[in-house]
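Enquirer: Here it is, the structure, as structure tokens.
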Amino acid sequence: MKIMVLGGGGREHAVVHAFAKSSITTELHCCPGNPGIAKLAKCHAGDICCPNDMKKLCCDLGIELVFVGPEAPLVAGTADALRDAGILVVGPGKSGARLEGSKAFSKQFMKRHNIPTSDFDICTNLDECRAALSKRKAPFVVKADGLAAGKGAFLPETYDEAIDICKMMLVEQKLGTSGNLIVIEDFVPGVETTVLALCDGKTIRVLPSSQDHKRALDGDKGNNTGGMGAYSPVPWIDDKFMKKVTDEILNPTVEGLASDGIPFIGVIYAGIMVKKDGSLSVLEYNVRLGDPETQVVLPAFGGDFGEAALACAKGELSKIKWAGAARTALGVVIASGGYPGKFEKGYVITDSGADGDDTFIYHAGTKVNENNETVTNGGRVLTVVAMADTLQEAHDKAYKRVGEISFKDCIFRKDIGDKSLKGKEK
């Protein structure tokens, strides 16, 4: 098939890599792509958040299957436009994308369909924010309703700091329209994990489990980021746990969408907190694969991801044999110094090593300069991934490969996977 992947980050590089190895792929395209993706697929310029532009591009190229990587084009309705043109798509339409595009909608959806989540208030002004915060104790959880490029969730430690964050969004409008509505919810302590599943509107198929590392610094300190590394599968997550997640969260989500009249073909990402007593609480939904979870989940997946994606898009997930994790993968994000705050771009990336069958370098924030050098062009620059039979081996391979790559002011966490390796994850 002629396949198009929309997006240009590390997640999309991993998806393109998976399709490049698939038996269904005859021609592989990406929009807009990046220098790493360009080695595997033909890259095209374009605005993936403009539905009509994407429909024209895919029709002109004769694309038969589109995989949408990021959330923004889904919220914009790109998948709807492509389906209207008769193209198979992995990615929900605009109505289904509201699960991620609106935190308020998402929380109300969970409450309506008895999906476990924390208590919450939806606030439209500072007085409502003050009342919601006064009902709770620190640490507080404050979220912008709309998409904010991973920068809309806050965990302030004091009431005054929480109010300042609310002012920043509601009064100063520093997050634009995304912060016009605010969700304030109870803090849920526990162990956080991510469950990714393909959904064809009727059937759920769960991908290998993964564990992200959100904080910028070792020991889970520092600011929240888009993710500084991940591994898959998670040692303590077994079939019994996955059945609990499926029964209490995934199946009710699919049934809730159907009962609300919302068609959903694509990825359901459940960010879940596992409490000390073993009960579950959904922190958030995403409607696409996570980043950097994708960079480890797809290499760990024991099946043909292209076949799985095609079955999802055609509504035939129940007809294919499903594979779990075949090996363990661990990924370390190398980021620009200063991330997730201010950082410089344009630094030349040097690599003294070489990839083998068990290591991959997925590009996220890179570009090629006028001297044909690959340089930094974002906060998260690369994800270095290694595969092995054990988590310890994957960890050691990944960090050896990280040591062969450098650019000015580069930063990375040195403890990805350490909690599981030390038996302290759960």
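Chains: A, B, ... in order of the structure tokens. Residues: from 1 per chain. Ligands: from 1, in order shown.
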Which residues come within 6 Å of region 355-359 of chain A, counting only C-alpha atoms, excluding same-chain residues fewer than 4 positions away, as a PyMOL selection string?
Expert: chain A and resi 385-387
Enquirer: Those same residues - N, CA and C atoms - I'd like them written as a tab-separated table (two decimals), in the first residue's frame.
Expert:
```tsv
chain	number	residue	atom	x	y	z
A	385	VAL	N	17.25	4.62	21.29
A	385	VAL	CA	16.52	3.43	21.70
A	385	VAL	C	17.37	2.19	21.50
A	386	ALA	N	17.35	1.30	22.49
A	386	ALA	CA	18.02	0.02	22.37
A	386	ALA	C	17.05	-1.10	22.72
A	387	MET	N	17.20	-2.23	22.03
A	387	MET	CA	16.38	-3.42	22.29
A	387	MET	C	17.25	-4.54	22.82
```
Enquirer: How would you write, as a PyMOL selection string, the set of residues in region 158-233 of chain A that DSSP gives as helix (DSSP H, G or I)?
Expert: chain A and resi 159-170+176-179
Enquirer: Go ahead and write the residues just picked, C-alpha atoms, as a compact mmCIF listing (two decimals), in the first residue's frame.
Expert:
```txt
# COMPACT_ATOMS: atom_id res chain seq x y z
CA TYR A 159 -2.28 27.98 46.87
CA ASP A 160 -0.66 31.28 45.83
CA GLU A 161 1.33 29.59 43.07
CA ALA A 162 -1.83 27.88 41.84
CA ILE A 163 -3.68 31.21 41.69
CA ASP A 164 -0.80 32.75 39.74
CA ILE A 165 -1.05 29.94 37.21
CA CYS A 166 -4.79 30.50 36.87
CA LYS A 167 -4.17 34.23 36.33
CA MET A 168 -1.52 33.44 33.73
CA MET A 169 -4.10 31.52 31.72
CA LEU A 170 -7.37 33.35 32.36
CA GLY A 176 -4.23 31.70 24.22
CA THR A 177 -7.72 30.24 23.93
CA SER A 178 -6.49 26.92 25.39
CA GLY A 179 -6.52 28.54 28.83
```
Enquirer: Determine, counting only C-alpha atoms, which protein, DNA and RNA residues have an atom within 12 Å of an atom of Gln108 (chain A); residues of the same chain fewer than 2 positions away are not included. Present the result as a compact mmCIF listing (two decimals) with N, CA, C and O atoms, in the first residue's frame.
Expert:
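As a result, selection-v2.txt now contains:
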```
# COMPACT_ATOMS: atom_id res chain seq x y z
N ARG A 98 -11.93 15.20 20.72
CA ARG A 98 -12.23 16.05 21.88
C ARG A 98 -11.79 15.38 23.18
O ARG A 98 -11.59 16.07 24.18
N LEU A 99 -11.65 14.06 23.19
CA LEU A 99 -11.16 13.38 24.39
C LEU A 99 -9.82 13.94 24.83
O LEU A 99 -9.51 13.97 26.01
N SER A 102 -10.09 18.66 24.67
CA SER A 102 -10.75 19.41 25.73
C SER A 102 -10.69 18.61 27.02
O SER A 102 -11.33 17.56 27.15
N LYS A 103 -9.91 19.09 27.99
CA LYS A 103 -9.81 18.42 29.28
C LYS A 103 -11.16 18.40 30.00
O LYS A 103 -11.50 17.44 30.69
N ALA A 104 -11.93 19.48 29.83
CA ALA A 104 -13.24 19.55 30.47
C ALA A 104 -14.17 18.48 29.88
O ALA A 104 -14.85 17.75 30.62
N PHE A 105 -14.21 18.38 28.57
CA PHE A 105 -15.03 17.36 27.91
C PHE A 105 -14.61 15.97 28.38
O PHE A 105 -15.45 15.11 28.67
N SER A 106 -13.31 15.74 28.44
CA SER A 106 -12.76 14.44 28.82
C SER A 106 -13.19 14.04 30.23
O SER A 106 -13.65 12.91 30.48
N MET A 110 -15.70 10.96 31.35
CA MET A 110 -15.37 9.90 32.32
C MET A 110 -16.41 9.81 33.44
O MET A 110 -16.83 8.72 33.83
N LYS A 111 -16.81 10.96 33.92
CA LYS A 111 -17.81 10.98 34.99
C LYS A 111 -19.13 10.38 34.50
O LYS A 111 -19.77 9.59 35.21
N ARG A 112 -19.51 10.73 33.28
CA ARG A 112 -20.79 10.28 32.70
C ARG A 112 -20.81 8.76 32.52
O ARG A 112 -21.86 8.12 32.66
N HIS A 113 -19.65 8.19 32.19
CA HIS A 113 -19.60 6.76 31.88
C HIS A 113 -18.91 5.93 32.97
O HIS A 113 -18.50 4.80 32.71
N ASN A 114 -18.81 6.50 34.17
CA ASN A 114 -18.29 5.77 35.34
C ASN A 114 -16.89 5.20 35.13
O ASN A 114 -16.58 4.09 35.55
N ILE A 115 -16.06 5.97 34.46
CA ILE A 115 -14.66 5.60 34.27
C ILE A 115 -13.87 6.25 35.40
O ILE A 115 -14.01 7.45 35.64
N PRO A 116 -13.07 5.49 36.14
CA PRO A 116 -12.42 6.04 37.34
C PRO A 116 -11.49 7.20 37.05
O PRO A 116 -10.58 7.09 36.23
N THR A 117 -11.74 8.32 37.71
CA THR A 117 -10.88 9.50 37.58
C THR A 117 -11.06 10.34 38.85
O THR A 117 -11.97 10.10 39.64
N SER A 118 -10.20 11.32 39.04
CA SER A 118 -10.27 12.14 40.25
C SER A 118 -11.41 13.15 40.16
O SER A 118 -11.88 13.51 39.07
N ASP A 119 -11.87 13.62 41.34
CA ASP A 119 -12.88 14.67 41.37
C ASP A 119 -12.30 15.96 40.79
O ASP A 119 -11.09 16.21 40.88
N PHE A 120 -13.18 16.79 40.21
CA PHE A 120 -12.69 17.96 39.48
C PHE A 120 -13.71 19.08 39.51
O PHE A 120 -14.89 18.87 39.80
N ASP A 121 -13.24 20.28 39.19
CA ASP A 121 -14.10 21.44 38.95
C ASP A 121 -13.65 22.09 37.65
O ASP A 121 -12.46 22.14 37.33
N ILE A 122 -14.62 22.61 36.91
CA ILE A 122 -14.34 23.34 35.67
C ILE A 122 -14.57 24.82 35.95
O ILE A 122 -15.66 25.21 36.39
N ASP A 145 -7.81 23.78 29.53
CA ASP A 145 -8.78 22.92 28.87
C ASP A 145 -8.29 22.44 27.51
O ASP A 145 -8.43 21.27 27.16
N VAL A 183 -9.39 23.34 34.27
CA VAL A 183 -9.82 22.19 35.06
C VAL A 183 -8.92 22.11 36.29
O VAL A 183 -7.69 22.07 36.18
N GLY A 256 -18.69 4.00 25.87
CA GLY A 256 -19.16 5.36 26.10
C GLY A 256 -19.15 6.20 24.82
O GLY A 256 -20.10 6.94 24.55
N GLU A 284 -5.57 11.27 32.22
CA GLU A 284 -5.92 11.95 30.97
C GLU A 284 -6.06 10.92 29.86
O GLU A 284 -5.56 9.80 29.95
```
Enquirer: For His395 (chain A), find every residue with an atom within 10 Å (counting only C-alpha atoms), except residues of its own chain fewer than 5 positions away, and show them as a ChimeraX atom specification.
Expert: /A:231,328-332,385-388,390,400,415-418,421
Enquirer: In Å, with one decimal, what is the gap from CA of Thr374 (chain A) to CA of Thr350 (chain A)?
Expert: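 These atoms are spaced 8.4 Å apart.
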Enquirer: Taking 3 positions as the minimum chain separation for residues in the same chain, which residues sit within 10 Å of Leu217 (chain A) when counting only C-alpha atoms? Answer as a PyMOL selection string.
Expert: chain A and resi 213-214+220-225+228+411-415
Enquirer: Can you spit out the residues from that selection as a PDB file, in the first residue's frame, using N, CA, C and O atoms?
Expert:
```
ATOM      1  N   HIS A 213       8.979   8.936  31.621  1.00  0.00           N
ATOM      2  CA  HIS A 213       9.655   9.698  32.681  1.00  0.00           C
ATOM      3  C   HIS A 213       9.463  11.182  32.355  1.00  0.00           C
ATOM      4  O   HIS A 213      10.160  11.735  31.494  1.00  0.00           O
ATOM      5  N   LYS A 214       8.506  11.820  33.023  1.00  0.00           N
ATOM      6  CA  LYS A 214       8.073  13.165  32.634  1.00  0.00           C
ATOM      7  C   LYS A 214       8.980  14.289  33.139  1.00  0.00           C
ATOM      8  O   LYS A 214       9.132  15.308  32.476  1.00  0.00           O
ATOM      9  N   ASP A 220      13.198  12.060  39.219  1.00  0.00           N
ATOM     10  CA  ASP A 220      11.873  12.666  39.001  1.00  0.00           C
ATOM     11  C   ASP A 220      11.784  14.056  39.620  1.00  0.00           C
ATOM     12  O   ASP A 220      10.777  14.425  40.239  1.00  0.00           O
ATOM     13  N   LYS A 221      12.838  14.839  39.437  1.00  0.00           N
ATOM     14  CA  LYS A 221      12.862  16.228  39.909  1.00  0.00           C
ATOM     15  C   LYS A 221      12.832  17.163  38.701  1.00  0.00           C
ATOM     16  O   LYS A 221      12.980  16.745  37.564  1.00  0.00           O
ATOM     17  N   GLY A 222      12.638  18.440  38.986  1.00  0.00           N
ATOM     18  CA  GLY A 222      12.607  19.424  37.914  1.00  0.00           C
ATOM     19  C   GLY A 222      11.231  19.576  37.301  1.00  0.00           C
ATOM     20  O   GLY A 222      10.239  19.000  37.772  1.00  0.00           O
ATOM     21  N   ASN A 223      11.168  20.357  36.231  1.00  0.00           N
ATOM     22  CA  ASN A 223       9.894  20.671  35.591  1.00  0.00           C
ATOM     23  C   ASN A 223       9.349  19.485  34.815  1.00  0.00           C
ATOM     24  O   ASN A 223      10.091  18.603  34.365  1.00  0.00           O
ATOM     25  N   ASN A 224       8.021  19.495  34.632  1.00  0.00           N
ATOM     26  CA  ASN A 224       7.406  18.531  33.739  1.00  0.00           C
ATOM     27  C   ASN A 224       7.836  18.799  32.311  1.00  0.00           C
ATOM     28  O   ASN A 224       7.981  19.954  31.896  1.00  0.00           O
ATOM     29  N   THR A 225       8.035  17.741  31.539  1.00  0.00           N
ATOM     30  CA  THR A 225       8.411  17.865  30.132  1.00  0.00           C
ATOM     31  C   THR A 225       7.452  17.030  29.297  1.00  0.00           C
ATOM     32  O   THR A 225       6.531  16.407  29.813  1.00  0.00           O
ATOM     33  N   MET A 228      11.147  12.443  28.984  1.00  0.00           N
ATOM     34  CA  MET A 228      12.606  12.376  28.845  1.00  0.00           C
ATOM     35  C   MET A 228      13.128  10.960  28.617  1.00  0.00           C
ATOM     36  O   MET A 228      14.335  10.740  28.554  1.00  0.00           O
ATOM     37  N   ILE A 411      21.495  17.687  27.137  1.00  0.00           N
ATOM     38  CA  ILE A 411      21.144  17.145  28.445  1.00  0.00           C
ATOM     39  C   ILE A 411      20.350  15.858  28.260  1.00  0.00           C
ATOM     40  O   ILE A 411      19.682  15.665  27.236  1.00  0.00           O
ATOM     41  N   PHE A 412      20.426  14.969  29.240  1.00  0.00           N
ATOM     42  CA  PHE A 412      19.605  13.762  29.251  1.00  0.00           C
ATOM     43  C   PHE A 412      19.564  13.220  30.672  1.00  0.00           C
ATOM     44  O   PHE A 412      20.459  13.483  31.475  1.00  0.00           O
ATOM     45  N   ARG A 413      18.485  12.505  30.967  1.00  0.00           N
ATOM     46  CA  ARG A 413      18.388  11.857  32.268  1.00  0.00           C
ATOM     47  C   ARG A 413      19.241  10.593  32.279  1.00  0.00           C
ATOM     48  O   ARG A 413      19.310   9.872  31.279  1.00  0.00           O
ATOM     49  N   LYS A 414      19.859  10.340  33.413  1.00  0.00           N
ATOM     50  CA  LYS A 414      20.750   9.190  33.540  1.00  0.00           C
ATOM     51  C   LYS A 414      20.101   8.028  34.291  1.00  0.00           C
ATOM     52  O   LYS A 414      20.774   7.036  34.592  1.00  0.00           O
ATOM     53  N   ASP A 415      18.783   8.142  34.555  1.00  0.00           N
ATOM     54  CA  ASP A 415      18.132   7.125  35.386  1.00  0.00           C
ATOM     55  C   ASP A 415      16.881   6.528  34.748  1.00  0.00           C
ATOM     56  O   ASP A 415      15.987   6.051  35.455  1.00  0.00           O
TER      57      ASP A 415
END
```
Enquirer: For each of A:Thr203, A:Glu64, A:Gly290, A:Asp212, take the minimum atom-to-atom distance to Lys319 (chain A), counting only C-alpha atoms, then give the residue where this is smallest.
Expert: A:Thr203
